[in-house]
Every structure is written in structure tokens, then in C-alpha cells.
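Quick look at model08.pdb (PDB, C-alpha atoms and all ligand atoms):
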```pdb
ATOM      1  CA  MET A   1       0.000   0.000   0.000
ATOM      2  CA  THR A   2       1.125   3.557  -0.669
ATOM      3  CA  GLY A   3       1.531   6.225   2.003
ATOM      4  CA  GLY A   4       1.542   3.552   4.707
ATOM      5  CA  GLY A   5       3.787   5.243   7.238
ATOM      6  CA  ARG A   6       1.296   7.514   8.980
ATOM      7  CA  GLY A   7      -2.296   8.729   9.050
ATOM      8  CA  ILE A   8      -4.949   6.733   7.228
ATOM      9  CA  GLY A   9      -2.293   4.614   5.502
ATOM     10  CA  ALA A  10      -0.774   3.427   8.769
ATOM     11  CA  ALA A  11      -4.254   2.554  10.074
ATOM     12  CA  VAL A  12      -5.007   0.552   6.912
ATOM     13  CA  ALA A  13      -1.666  -1.258   7.165
ATOM     14  CA  ASP A  14      -2.538  -2.076  10.778
ATOM     15  CA  ALA A  15      -6.008  -3.367   9.850
ATOM     16  CA  LEU A  16      -4.631  -5.600   7.081
ATOM     17  CA  ALA A  17      -1.675  -6.894   9.133
ATOM     18  CA  ARG A  18      -4.051  -7.671  12.029
ATOM     19  CA  ARG A  19      -6.077  -9.809   9.614
ATOM     20  CA  GLY A  20      -2.959 -11.804   8.719
ATOM     21  CA  ALA A  21      -1.877 -10.122   5.476
ATOM     22  CA  ALA A  22       1.751  -9.662   4.485
ATOM     23  CA  VAL A  23       1.932  -5.901   3.976
ATOM     24  CA  THR A  24       4.277  -3.608   2.050
ATOM     25  CA  VAL A  25       4.203   0.057   3.036
ATOM     26  CA  MET A  26       5.554   2.642   0.585
ATOM     27  CA  GLY A  27       6.180   6.363   0.922
ATOM     28  CA  ARG A  28       8.884   9.014   0.698
ATOM     29  CA  THR A  29       9.989   9.021   4.349
ATOM     30  CA  MET A  30      11.885   5.848   5.165
ATOM     31  CA  GLY A  31      12.167   6.577   8.905
ATOM     32  CA  THR A  32       8.388   6.758   9.371
ATOM     33  CA  LEU A  33       7.793   3.706   7.201
ATOM     34  CA  GLU A  34      10.389   1.655   9.099
ATOM     35  CA  SER A  35       8.959   2.508  12.501
ATOM     36  CA  THR A  36       5.397   1.711  11.373
ATOM     37  CA  ALA A  37       6.618  -1.571   9.868
ATOM     38  CA  ALA A  38       8.509  -2.512  13.057
ATOM     39  CA  ASP A  39       5.444  -1.738  15.174
ATOM     40  CA  LEU A  40       3.198  -3.914  12.977
ATOM     41  CA  ARG A  41       5.674  -6.783  12.995
ATOM     42  CA  GLN A  42       5.868  -6.634  16.768
ATOM     43  CA  ARG A  43       2.122  -6.329  17.442
ATOM     44  CA  HIS A  44       0.765  -8.664  14.761
ATOM     45  CA  GLY A  45       3.716 -10.920  13.887
ATOM     46  CA  ALA A  46       3.064  -9.911  10.280
ATOM     47  CA  ALA A  47       5.520  -9.830   7.372
ATOM     48  CA  VAL A  48       5.777  -6.079   6.830
ATOM     49  CA  LEU A  49       8.166  -4.547   4.316
ATOM     50  CA  ALA A  50       8.944  -0.821   4.033
ATOM     51  CA  ILE A  51      10.016   0.600   0.657
ATOM     52  CA  GLU A  52      10.877   4.177  -0.247
ATOM     53  CA  CYS A  53       8.803   5.349  -3.200
ATOM     54  CA  ASP A  54       7.490   8.648  -4.530
ATOM     55  CA  VAL A  55       4.285   7.608  -6.291
ATOM     56  CA  ALA A  56       4.592  10.537  -8.704
ATOM     57  CA  ASP A  57       7.913   9.193 -10.006
ATOM     58  CA  GLU A  58       7.300   6.515 -12.641
ATOM     59  CA  ASN A  59      10.754   4.940 -12.370
ATOM     60  CA  ALA A  60      10.631   4.855  -8.588
ATOM     61  CA  VAL A  61       7.198   3.187  -8.732
ATOM     62  CA  ALA A  62       8.480   0.554 -11.191
ATOM     63  CA  ARG A  63      11.475  -0.224  -8.955
ATOM     64  CA  ALA A  64       9.455  -0.305  -5.740
ATOM     65  CA  PHE A  65       6.739  -2.627  -7.025
ATOM     66  CA  ALA A  66       9.281  -4.980  -8.638
ATOM     67  CA  TYR A  67      11.149  -5.222  -5.316
ATOM     68  CA  ALA A  68       7.897  -5.702  -3.360
ATOM     69  CA  ALA A  69       6.830  -8.586  -5.638
ATOM     70  CA  GLU A  70      10.284 -10.173  -5.362
ATOM     71  CA  GLN A  71      10.179 -10.026  -1.549
ATOM     72  CA  GLN A  72       6.487 -10.605  -0.765
ATOM     73  CA  GLY A  73       5.109 -12.303  -3.901
ATOM     74  CA  ASP A  74       2.478 -10.993  -6.309
ATOM     75  CA  PRO A  75       0.014  -8.655  -4.592
ATOM     76  CA  TYR A  76      -3.608  -9.583  -3.958
ATOM     77  CA  VAL A  77      -4.444  -6.102  -2.614
ATOM     78  CA  LEU A  78      -3.364  -2.605  -3.657
ATOM     79  CA  VAL A  79      -4.432   0.360  -1.545
ATOM     80  CA  ASN A  80      -3.697   3.653  -3.317
ATOM     81  CA  ASN A  81      -3.607   5.918  -0.296
ATOM     82  CA  ALA A  82      -0.701   8.335  -0.915
ATOM     83  CA  GLY A  83      -2.086  11.792  -1.494
ATOM     84  CA  GLY A  84      -2.459  15.287  -0.255
ATOM     85  CA  GLY A  85      -3.634  18.747  -1.114
ATOM     86  CA  GLU A  86      -3.135  22.391  -0.326
ATOM     87  CA  SER A  87      -5.780  25.004   0.091
ATOM     88  CA  ALA A  88      -5.702  27.807  -2.524
ATOM     89  CA  SER A  89      -8.305  29.816  -4.392
ATOM     90  CA  PHE A  90      -8.574  28.897  -8.057
ATOM     91  CA  LEU A  91      -6.643  32.012  -9.137
ATOM     92  CA  ASP A  92      -3.905  31.221  -6.614
ATOM     93  CA  THR A  93      -3.645  27.670  -7.930
ATOM     94  CA  ASP A  94      -0.532  28.032 -10.063
ATOM     95  CA  ARG A  95       0.674  25.442 -12.507
ATOM     96  CA  GLU A  96       3.101  23.961  -9.993
ATOM     97  CA  LEU A  97       0.401  23.334  -7.352
ATOM     98  CA  TRP A  98      -1.964  21.971 -10.013
ATOM     99  CA  ASP A  99       0.632  19.564 -11.448
ATOM    100  CA  TRP A 100       1.783  18.356  -8.006
ATOM    101  CA  THR A 101      -1.782  17.706  -6.831
ATOM    102  CA  ILE A 102      -2.710  15.746  -9.944
ATOM    103  CA  ALA A 103       0.607  13.859  -9.916
ATOM    104  CA  VAL A 104       0.430  12.642  -6.311
ATOM    105  CA  ASN A 105      -3.292  11.859  -6.105
ATOM    106  CA  LEU A 106      -4.260  10.805  -9.623
ATOM    107  CA  THR A 107      -1.190   9.928 -11.690
ATOM    108  CA  GLY A 108       0.283   8.071  -8.712
ATOM    109  CA  THR A 109      -2.874   5.968  -8.504
ATOM    110  CA  TYR A 110      -2.616   5.212 -12.227
ATOM    111  CA  LEU A 111       1.095   4.331 -12.054
ATOM    112  CA  CYS A 112       0.765   2.007  -9.045
ATOM    113  CA  THR A 113      -2.349   0.314 -10.401
ATOM    114  CA  ALA A 114      -0.602  -0.355 -13.720
ATOM    115  CA  ARG A 115       2.165  -2.152 -11.793
ATOM    116  CA  VAL A 116      -0.098  -4.642  -9.985
ATOM    117  CA  LEU A 117      -2.976  -5.220 -12.389
ATOM    118  CA  PRO A 118      -1.250  -7.706 -14.753
ATOM    119  CA  ALA A 119      -0.488 -10.096 -11.871
ATOM    120  CA  MET A 120      -4.025  -9.745 -10.472
ATOM    121  CA  LEU A 121      -5.549 -10.504 -13.888
ATOM    122  CA  ALA A 122      -3.242 -13.488 -14.341
ATOM    123  CA  ALA A 123      -4.304 -14.798 -10.913
ATOM    124  CA  GLY A 124      -7.969 -13.994 -11.584
ATOM    125  CA  ALA A 125      -8.106 -12.382  -8.143
ATOM    126  CA  GLY A 126      -7.368  -8.979  -6.685
ATOM    127  CA  ARG A 127      -8.608  -6.009  -4.717
ATOM    128  CA  ILE A 128      -7.799  -2.399  -5.527
ATOM    129  CA  VAL A 129      -8.965   0.242  -3.063
ATOM    130  CA  ASN A 130      -8.394   3.893  -3.890
ATOM    131  CA  ILE A 131      -8.512   6.372  -1.030
ATOM    132  CA  ALA A 132     -10.384   9.229  -2.655
ATOM    133  CA  SER A 133     -12.260  11.768  -0.505
ATOM    134  CA  THR A 134     -15.617  13.439  -0.173
ATOM    135  CA  ALA A 135     -13.787  15.860  -2.508
ATOM    136  CA  ALA A 136     -14.354  13.175  -5.172
ATOM    137  CA  LEU A 137     -18.118  13.583  -4.714
ATOM    138  CA  ARG A 138     -18.604  17.322  -4.294
ATOM    139  CA  GLY A 139     -16.755  20.601  -4.626
ATOM    140  CA  TYR A 140     -15.034  22.519  -1.850
ATOM    141  CA  ARG A 141     -14.069  26.199  -2.009
ATOM    142  CA  THR A 142     -10.278  26.722  -2.377
ATOM    143  CA  MET A 143      -9.681  23.061  -3.217
ATOM    144  CA  ALA A 144     -10.086  23.044  -7.024
ATOM    145  CA  ALA A 145      -6.959  21.012  -7.828
ATOM    146  CA  TYR A 146      -7.617  18.490  -5.034
ATOM    147  CA  CYS A 147     -11.296  18.103  -6.021
ATOM    148  CA  ALA A 148     -10.294  17.647  -9.673
ATOM    149  CA  ALA A 149      -7.686  15.036  -8.750
ATOM    150  CA  LYS A 150     -10.023  13.101  -6.440
ATOM    151  CA  HIS A 151     -12.923  13.244  -8.946
ATOM    152  CA  GLY A 152     -10.366  11.806 -11.389
ATOM    153  CA  VAL A 153      -9.523   8.987  -8.983
ATOM    154  CA  LEU A 154     -13.212   8.136  -8.776
ATOM    155  CA  GLY A 155     -13.573   8.159 -12.579
ATOM    156  CA  LEU A 156     -10.578   5.829 -12.883
ATOM    157  CA  THR A 157     -12.100   3.566 -10.211
ATOM    158  CA  ARG A 158     -15.452   3.297 -11.976
ATOM    159  CA  ALA A 159     -13.978   2.696 -15.430
ATOM    160  CA  LEU A 160     -11.460   0.082 -14.272
ATOM    161  CA  ALA A 161     -14.121  -1.682 -12.186
ATOM    162  CA  LEU A 162     -16.087  -2.309 -15.395
ATOM    163  CA  GLU A 163     -12.998  -3.570 -17.234
ATOM    164  CA  THR A 164     -12.169  -6.042 -14.461
ATOM    165  CA  ALA A 165     -15.701  -7.009 -13.382
ATOM    166  CA  ARG A 166     -15.534 -10.483 -14.957
ATOM    167  CA  LYS A 167     -11.906 -11.083 -14.091
ATOM    168  CA  GLY A 168     -11.975 -11.583 -10.326
ATOM    169  CA  VAL A 169     -10.626  -8.109  -9.553
ATOM    170  CA  THR A 170     -12.665  -5.489  -7.683
ATOM    171  CA  VAL A 171     -11.856  -1.776  -7.787
ATOM    172  CA  ASN A 172     -13.452   0.571  -5.272
ATOM    173  CA  ALA A 173     -13.005   4.022  -3.799
ATOM    174  CA  VAL A 174     -13.292   4.943  -0.138
ATOM    175  CA  CYS A 175     -14.195   8.598   0.389
ATOM    176  CA  PRO A 176     -13.219   9.866   3.835
ATOM    177  CA  GLY A 177     -14.491  13.151   5.178
ATOM    178  CA  TYR A 178     -12.194  15.174   7.433
ATOM    179  CA  THR A 179     -10.190  12.504   9.231
ATOM    180  CA  ASP A 180      -8.024  13.049  12.266
ATOM    181  CA  THR A 181      -4.561  13.009  10.624
ATOM    182  CA  ASP A 182      -1.820  15.523   9.770
ATOM    183  CA  LEU A 183      -3.819  16.483   6.655
ATOM    184  CA  ALA A 184      -6.889  17.536   8.666
ATOM    185  CA  GLN A 185      -4.676  19.359  11.178
ATOM    186  CA  GLU A 186      -3.285  21.390   8.232
ATOM    187  CA  ALA A 187      -6.856  22.203   7.156
ATOM    188  CA  VAL A 188      -7.600  23.460  10.680
ATOM    189  CA  LEU A 189      -4.482  25.654  10.654
ATOM    190  CA  ASN A 190      -5.468  27.049   7.221
ATOM    191  CA  ILE A 191      -8.930  27.995   8.488
ATOM    192  CA  ALA A 192      -7.373  29.585  11.591
ATOM    193  CA  ALA A 193      -5.021  31.674   9.438
ATOM    194  CA  ALA A 194      -7.656  32.620   6.846
ATOM    195  CA  ARG A 195     -10.226  33.714   9.457
ATOM    196  CA  ASN A 196      -7.812  34.979  12.095
ATOM    197  CA  VAL A 197      -9.258  32.689  14.787
ATOM    198  CA  SER A 198      -7.748  30.215  17.261
ATOM    199  CA  LYS A 199      -7.098  26.573  16.394
ATOM    200  CA  ASP A 200     -10.046  25.455  18.550
ATOM    201  CA  GLU A 201     -12.378  27.959  16.869
ATOM    202  CA  ALA A 202     -11.142  26.806  13.460
ATOM    203  CA  LEU A 203     -11.848  23.182  14.383
ATOM    204  CA  ALA A 204     -15.364  24.150  15.506
ATOM    205  CA  ILE A 205     -15.953  25.858  12.121
ATOM    206  CA  LEU A 206     -14.783  22.745  10.299
ATOM    207  CA  LEU A 207     -16.932  20.419  12.422
ATOM    208  CA  LYS A 208     -20.058  22.489  11.728
ATOM    209  CA  SER A 209     -20.205  20.997   8.227
ATOM    210  CA  MET A 210     -20.044  17.446   9.601
ATOM    211  CA  PRO A 211     -23.393  15.922  10.648
ATOM    212  CA  GLN A 212     -21.815  13.799  13.395
ATOM    213  CA  GLY A 213     -19.984  16.890  14.659
ATOM    214  CA  ARG A 214     -16.614  15.137  14.886
ATOM    215  CA  LEU A 215     -13.667  14.125  12.749
ATOM    216  CA  THR A 216     -13.675  10.641  11.274
ATOM    217  CA  THR A 217     -10.923   8.429  12.716
ATOM    218  CA  ALA A 218      -8.266   6.756  10.591
ATOM    219  CA  ALA A 219      -9.334   3.410  12.102
ATOM    220  CA  GLU A 220     -12.887   3.941  10.799
ATOM    221  CA  VAL A 221     -11.547   4.507   7.280
ATOM    222  CA  ALA A 222      -9.286   1.468   7.655
ATOM    223  CA  GLY A 223     -12.251  -0.715   8.668
ATOM    224  CA  ALA A 224     -14.036   0.151   5.409
ATOM    225  CA  VAL A 225     -10.896  -0.621   3.402
ATOM    226  CA  ALA A 226     -10.419  -3.952   5.161
ATOM    227  CA  TRP A 227     -14.009  -4.940   4.374
ATOM    228  CA  LEU A 228     -13.494  -4.097   0.682
ATOM    229  CA  CYS A 229     -10.480  -6.441   0.733
ATOM    230  CA  ALA A 230     -12.343  -9.303   2.434
ATOM    231  CA  PRO A 231     -13.875 -12.312   0.647
ATOM    232  CA  ASP A 232     -17.470 -11.313   1.483
ATOM    233  CA  SER A 233     -17.213  -8.053  -0.478
ATOM    234  CA  SER A 234     -16.511  -9.803  -3.781
ATOM    235  CA  ALA A 235     -19.746  -8.529  -5.395
ATOM    236  CA  VAL A 236     -18.873  -4.941  -4.530
ATOM    237  CA  THR A 237     -17.004  -3.129  -7.288
ATOM    238  CA  GLY A 238     -16.990   0.366  -8.753
ATOM    239  CA  ILE A 239     -18.414   2.017  -5.648
ATOM    240  CA  ALA A 240     -17.531   5.241  -3.869
ATOM    241  CA  LEU A 241     -17.999   4.575  -0.160
ATOM    242  CA  PRO A 242     -18.201   7.722   1.978
ATOM    243  CA  VAL A 243     -16.767   7.321   5.483
ATOM    244  CA  ALA A 244     -17.631  10.824   6.493
ATOM    245  CA  GLY A 245     -19.953  10.958   9.481
ATOM    246  CA  GLY A 246     -22.990  11.544   7.297
ATOM    247  CA  GLU A 247     -21.510  14.411   5.282
ATOM    248  CA  VAL A 248     -22.361  12.592   2.047
ATOM    249  CA  GLY A 249     -24.983   9.896   2.129
TER     250      GLY A 249
HETATM  251  P1  LIG B 301      -1.275  12.323   5.838
HETATM  252  O1  LIG B 301      -1.317  11.994   7.284
HETATM  253  O2  LIG B 301      -0.759  13.652   5.377
HETATM  254  O3  LIG B 301      -0.477  11.153   5.102
HETATM  255  C1  LIG B 301      -0.234  11.188   3.723
HETATM  256  C2  LIG B 301       0.510   9.923   3.365
HETATM  257  O4  LIG B 301       0.771   9.942   1.955
HETATM  258  C3  LIG B 301       1.833   9.836   4.087
HETATM  259  O5  LIG B 301       2.074   8.511   4.453
HETATM  260  C4  LIG B 301       2.819  10.295   3.022
HETATM  261  O6  LIG B 301       4.066   9.705   3.255
HETATM  262  C5  LIG B 301       2.171   9.771   1.748
HETATM  263  N1  LIG B 301       2.570  10.503   0.566
HETATM  264  C6  LIG B 301       2.323  11.806   0.291
HETATM  265  N2  LIG B 301       2.860  12.117  -0.889
HETATM  266  C7  LIG B 301       3.461  10.994  -1.366
HETATM  267  C8  LIG B 301       4.186  10.678  -2.530
HETATM  268  N3  LIG B 301       4.434  11.595  -3.479
HETATM  269  N4  LIG B 301       4.636   9.417  -2.694
HETATM  270  C9  LIG B 301       4.425   8.478  -1.751
HETATM  271  N5  LIG B 301       3.729   8.707  -0.623
HETATM  272  C10 LIG B 301       3.269   9.966  -0.433
HETATM  273  O7  LIG B 301      -2.689  12.235   5.175
HETATM  274  P2  LIG B 301      -3.912  11.248   5.401
HETATM  275  O8  LIG B 301      -4.986  12.055   5.984
HETATM  276  O9  LIG B 301      -3.492   9.996   6.048
HETATM  277  O10 LIG B 301      -4.290  10.999   3.877
HETATM  278  C11 LIG B 301      -4.260   9.725   3.266
HETATM  279  C12 LIG B 301      -5.171   9.764   2.054
HETATM  280  O11 LIG B 301      -6.496  10.049   2.490
HETATM  281  C13 LIG B 301      -4.811  10.828   1.018
HETATM  282  O12 LIG B 301      -5.022  10.318  -0.268
HETATM  283  C14 LIG B 301      -5.799  11.934   1.317
HETATM  284  O13 LIG B 301      -6.054  12.729   0.176
HETATM  285  C15 LIG B 301      -7.012  11.124   1.731
HETATM  286  N6  LIG B 301      -7.991  11.855   2.536
HETATM  287  C16 LIG B 301      -7.647  12.376   3.761
HETATM  288  C17 LIG B 301      -8.620  13.076   4.483
HETATM  289  C18 LIG B 301      -8.319  13.717   5.815
HETATM  290  O14 LIG B 301      -9.127  14.538   6.294
HETATM  291  N7  LIG B 301      -7.268  13.350   6.501
HETATM  292  C19 LIG B 301      -9.906  13.238   3.965
HETATM  293  C20 LIG B 301     -10.199  12.682   2.723
HETATM  294  C21 LIG B 301      -9.227  11.986   2.020
HETATM  295  P3  LIG B 301       5.452  10.468   2.957
HETATM  296  O15 LIG B 301       5.254  11.899   3.360
HETATM  297  O16 LIG B 301       6.451   9.727   3.742
HETATM  298  O17 LIG B 301       5.672  10.294   1.501
END
```
Take the structure from the file and write it as C-alpha cells.
Amino acid sequence: MTGGGRGIGAAVADALARRGAAVTVMGRTMGTLESTAADLRQRHGAAVLAIECDVADENAVARAFAYAAEQQGDPYVLVNNAGGGESASFLDTDRELWDWTIAVNLTGTYLCTARVLPAMLAAGAGRIVNIASTAALRGYRTMAAYCAAKHGVLGLTRALALETARKGVTVNAVCPGYTDTDLAQEAVLNIAAARNVSKDEALAILLKSMPQGRLTTAAEVAGAVAWLCAPDSSAVTGIALPVAGGEVG
């Protein structure tokens, strides 16, 4: 899985390792990946491999997935979780921010999926779960590039699900709302700066838009991912599953 060192990715890695899977975590920061991997090995006795990989770098992705297959065997599950976004009005979204957002969230998902799909098709079995966002389902002010990228991830999910529907491979998107990770903390700080309010006031503003009045937890997102990887979800493909406290029904 990509972006497995912290946040939602680390929670997904934990959920899969706890269920007995051999897990490979990939990301740019080897220190974080290694400590997450060591923790999972210790707590679950799982085979957990950490590999440095920038998902926006095609050559790095090719190398990382080849090494992962060599060490852990062909993958049954791919979780495309690496991603991120920065808040900016449309006119402040320069070409660099646009390209980076699309590269990490959308092109990275394409590149990683292309690396595992041949083996899944050959095996006639596989699960691909893309961590999209409620930003794949609706627009948010000052998040044009991120919304475009995540809508793109959902389009890719739906199209590929149809291509693989008779081949034993399911492809689904999980759409978290604001989830309690570094990414949501950045959103809180952005609101605080933009409105000149305290961090607590900014969090209260953010929570107003959430029907349950709280942030989603990474473990709640991970539970949905784990179900989409389990045998009893085999008829579920091409869906966008909001895990967002009722924000999107
Ligand atoms: P996070 O705590 O900021 O973690 C992001 C993860 O992605 C890190 O593990 C990071 O690892 C990895 N990553 C970022 N850029 C990468 C790159 N170029 N190549 C490889 N790995 C990269 O964020 P999070 O909240 O867990 O987000 C995980 C996913 O959920 C993202 O796709 C995000 O868009 C989505 N999401 C989050 C929320 C939320 O409120 N938190 C809501 C909806 C959707 P390195 O920095 O080590 O590379």
C-alpha cells in the first residue's frame, strides 16, 4: 500500500496486518515507514516490508513494485492511499500546485495500479482500493486542484471496475471526510489563518459541516478498506464509499 507510514495509511496497514496479510508500506519518508513496519511486525507478527517510493515518479514506482513482488510475492491487494492537497483559491492555484496535486493523487494511482494489475488478472483475483475523498463527490471552495484530482480517482475507479468485473478483480473508492490526521490538522491551521481565529475555533468551524460533529478516525476509514479487501465483499465493485460521518450519504 502507498503512504503507509502515517495517518490513514498506517491505520489501513494495521487493519490488514491484524487480519494476517503480508503488507508492504511505501512512501517518501523511510524513517516513518520503518517505525510503522517494526510496530506492525511486533504487534501482529506480520511480514511487513517498508520501501521508499514517490508515487509521482514513474521509475521509482516501477522499482518499488518490482522489489515488493520479489520479496512478498504478487500482490492480492493494492491500496492507493498516498495523497495530499493544499488550500488555494482557483486564481492562486498556479501550474506547480496543479501539477503536483494531480501527480500525487491521480497519476500516482494510475502508475501504481498499472504495476499490480497484470499479476491480479493473471491470478484472476485482486482487490484495488483507492482512497479518494468526499472531494471526489462534491466541490469545496479553495480546493479546485484536489477536487479535480479526487474526482479523477473516482472516474478511474469506476472505469477500471467495469474492465475487471468479470476477471476476479474489484476496484473501489473509499471517500473519507475530514479525518483526524496531519492532513486535517493542516486544514484546521489554514482555516485559523484565513479567518484569524484560534485553532479550537477553526476546528469548531470545520466540524459544523459534519453531521456527526466530529472528525472521522483513521481506524474507521481502515475498517471500510479492510471490508473491501475481504472475501465477502466480492460482489462490490466500482463504488464510492463515503466514510464521512454523514456528510455525504
Ligand atoms: P497524511 O497523514 O498527510 O499522510 C499522507 C501519506 O501519503 C503519508 O504517508 C505520506 O508519506 C504519503 N505521501 C504523500 N505524498 C506521497 C508521494 N508523493 N509518494 C508516496 N507517498 C506519499 O494524510 P492522510 O490524511 O493519512 O491521507 C491519506 C489519504 O487520504 C490521502 O489520499 C488523502 O487525500 C485522503 N484523505 C484524507 C482526508 C483527511 O481529512 N485526513 C480526507 C479525505 C481523504 P510520505 O510523506 O512519507 O511520503
Can you list what the PyMOL selection byres (((chain A and resi 2-19) around 6) and not hetatm) grabs from this structure, as JSON, numbers by chain?
-> {"A": [1, 20, 21, 25, 26, 27, 32, 33, 36, 44, 46, 80, 81, 82, 181, 218, 219, 222]}
Write out as a ChimeraX atom specification which residues come within 12 Å of Ile131 (chain A) when counting only C-alpha atoms, dropping same-chain ones fewer than 4 positions away.
-> /A:1-4,8-9,12,78-84,105-106,108-109,135-136,149-154,157,171-177,218,221-222,224-225,228,239-243
Have a look at CA of Ile191 (chain A) and CA of Ala88 (chain A) and let me know their distance in Å, one decimal.
-> 11.5 Å
Around the point (-11.3, -1.5, -12.4) in the file's coordinates, collect all residues with an atom within 12 Å, using all atoms listed in the file, and return them as a ChimeraX atom specification.
-> /A:78,109-110,113-114,116-117,120-121,126-130,153-173,236-239
Given the file shown, enumerate the residues that the PyMOL selection byres (((chain A and resi 203-206) around 12) and not hetatm) captures and present them as a ChimeraX atom specification.
-> /A:177-180,184-195,197-202,207-215,247
Rebuild region 52-64 of chain A so that it carries N, CA and C atoms, then output the result as an mmCIF file, keeping the file's coordinate frame.
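Contents of out.cif, freshly written:
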```cif
data_model
loop_
_atom_site.group_PDB
_atom_site.id
_atom_site.type_symbol
_atom_site.label_atom_id
_atom_site.label_comp_id
_atom_site.auth_asym_id
_atom_site.auth_seq_id
_atom_site.Cartn_x
_atom_site.Cartn_y
_atom_site.Cartn_z
ATOM 1 N N GLU A 52 10.953 2.757 0.107
ATOM 2 C CA GLU A 52 10.877 4.177 -0.247
ATOM 3 C C GLU A 52 10.355 4.316 -1.671
ATOM 4 N N CYS A 53 9.370 5.168 -1.854
ATOM 5 C CA CYS A 53 8.803 5.349 -3.200
ATOM 6 C C CYS A 53 7.990 6.637 -3.263
ATOM 7 N N ASP A 54 8.327 7.480 -4.227
ATOM 8 C CA ASP A 54 7.490 8.648 -4.530
ATOM 9 C C ASP A 54 6.535 8.212 -5.634
ATOM 10 N N VAL A 55 5.244 8.175 -5.326
ATOM 11 C CA VAL A 55 4.285 7.608 -6.291
ATOM 12 C C VAL A 55 4.154 8.455 -7.559
ATOM 13 N N ALA A 56 4.659 9.682 -7.511
ATOM 14 C CA ALA A 56 4.592 10.537 -8.704
ATOM 15 C C ALA A 56 5.768 10.295 -9.639
ATOM 16 N N ASP A 57 6.702 9.446 -9.222
ATOM 17 C CA ASP A 57 7.913 9.193 -10.006
ATOM 18 C C ASP A 57 7.803 7.798 -10.640
ATOM 19 N N GLU A 58 7.588 7.779 -11.943
ATOM 20 C CA GLU A 58 7.300 6.515 -12.641
ATOM 21 C C GLU A 58 8.402 5.470 -12.441
ATOM 22 N N ASN A 59 9.654 5.900 -12.518
ATOM 23 C CA ASN A 59 10.754 4.940 -12.370
ATOM 24 C C ASN A 59 10.829 4.401 -10.948
ATOM 25 N N ALA A 60 10.603 5.294 -9.984
ATOM 26 C CA ALA A 60 10.631 4.855 -8.588
ATOM 27 C C ALA A 60 9.498 3.855 -8.330
ATOM 28 N N VAL A 61 8.340 4.102 -8.905
ATOM 29 C CA VAL A 61 7.198 3.187 -8.732
ATOM 30 C C VAL A 61 7.539 1.822 -9.343
ATOM 31 N N ALA A 62 8.129 1.827 -10.541
ATOM 32 C CA ALA A 62 8.480 0.554 -11.191
ATOM 33 C C ALA A 62 9.455 -0.233 -10.317
ATOM 34 N N ARG A 63 10.469 0.453 -9.794
ATOM 35 C CA ARG A 63 11.475 -0.224 -8.955
ATOM 36 C C ARG A 63 10.851 -0.758 -7.673
ATOM 37 N N ALA A 64 10.028 0.067 -7.043
ATOM 38 C CA ALA A 64 9.455 -0.305 -5.740
ATOM 39 C C ALA A 64 8.527 -1.514 -5.866
#
```
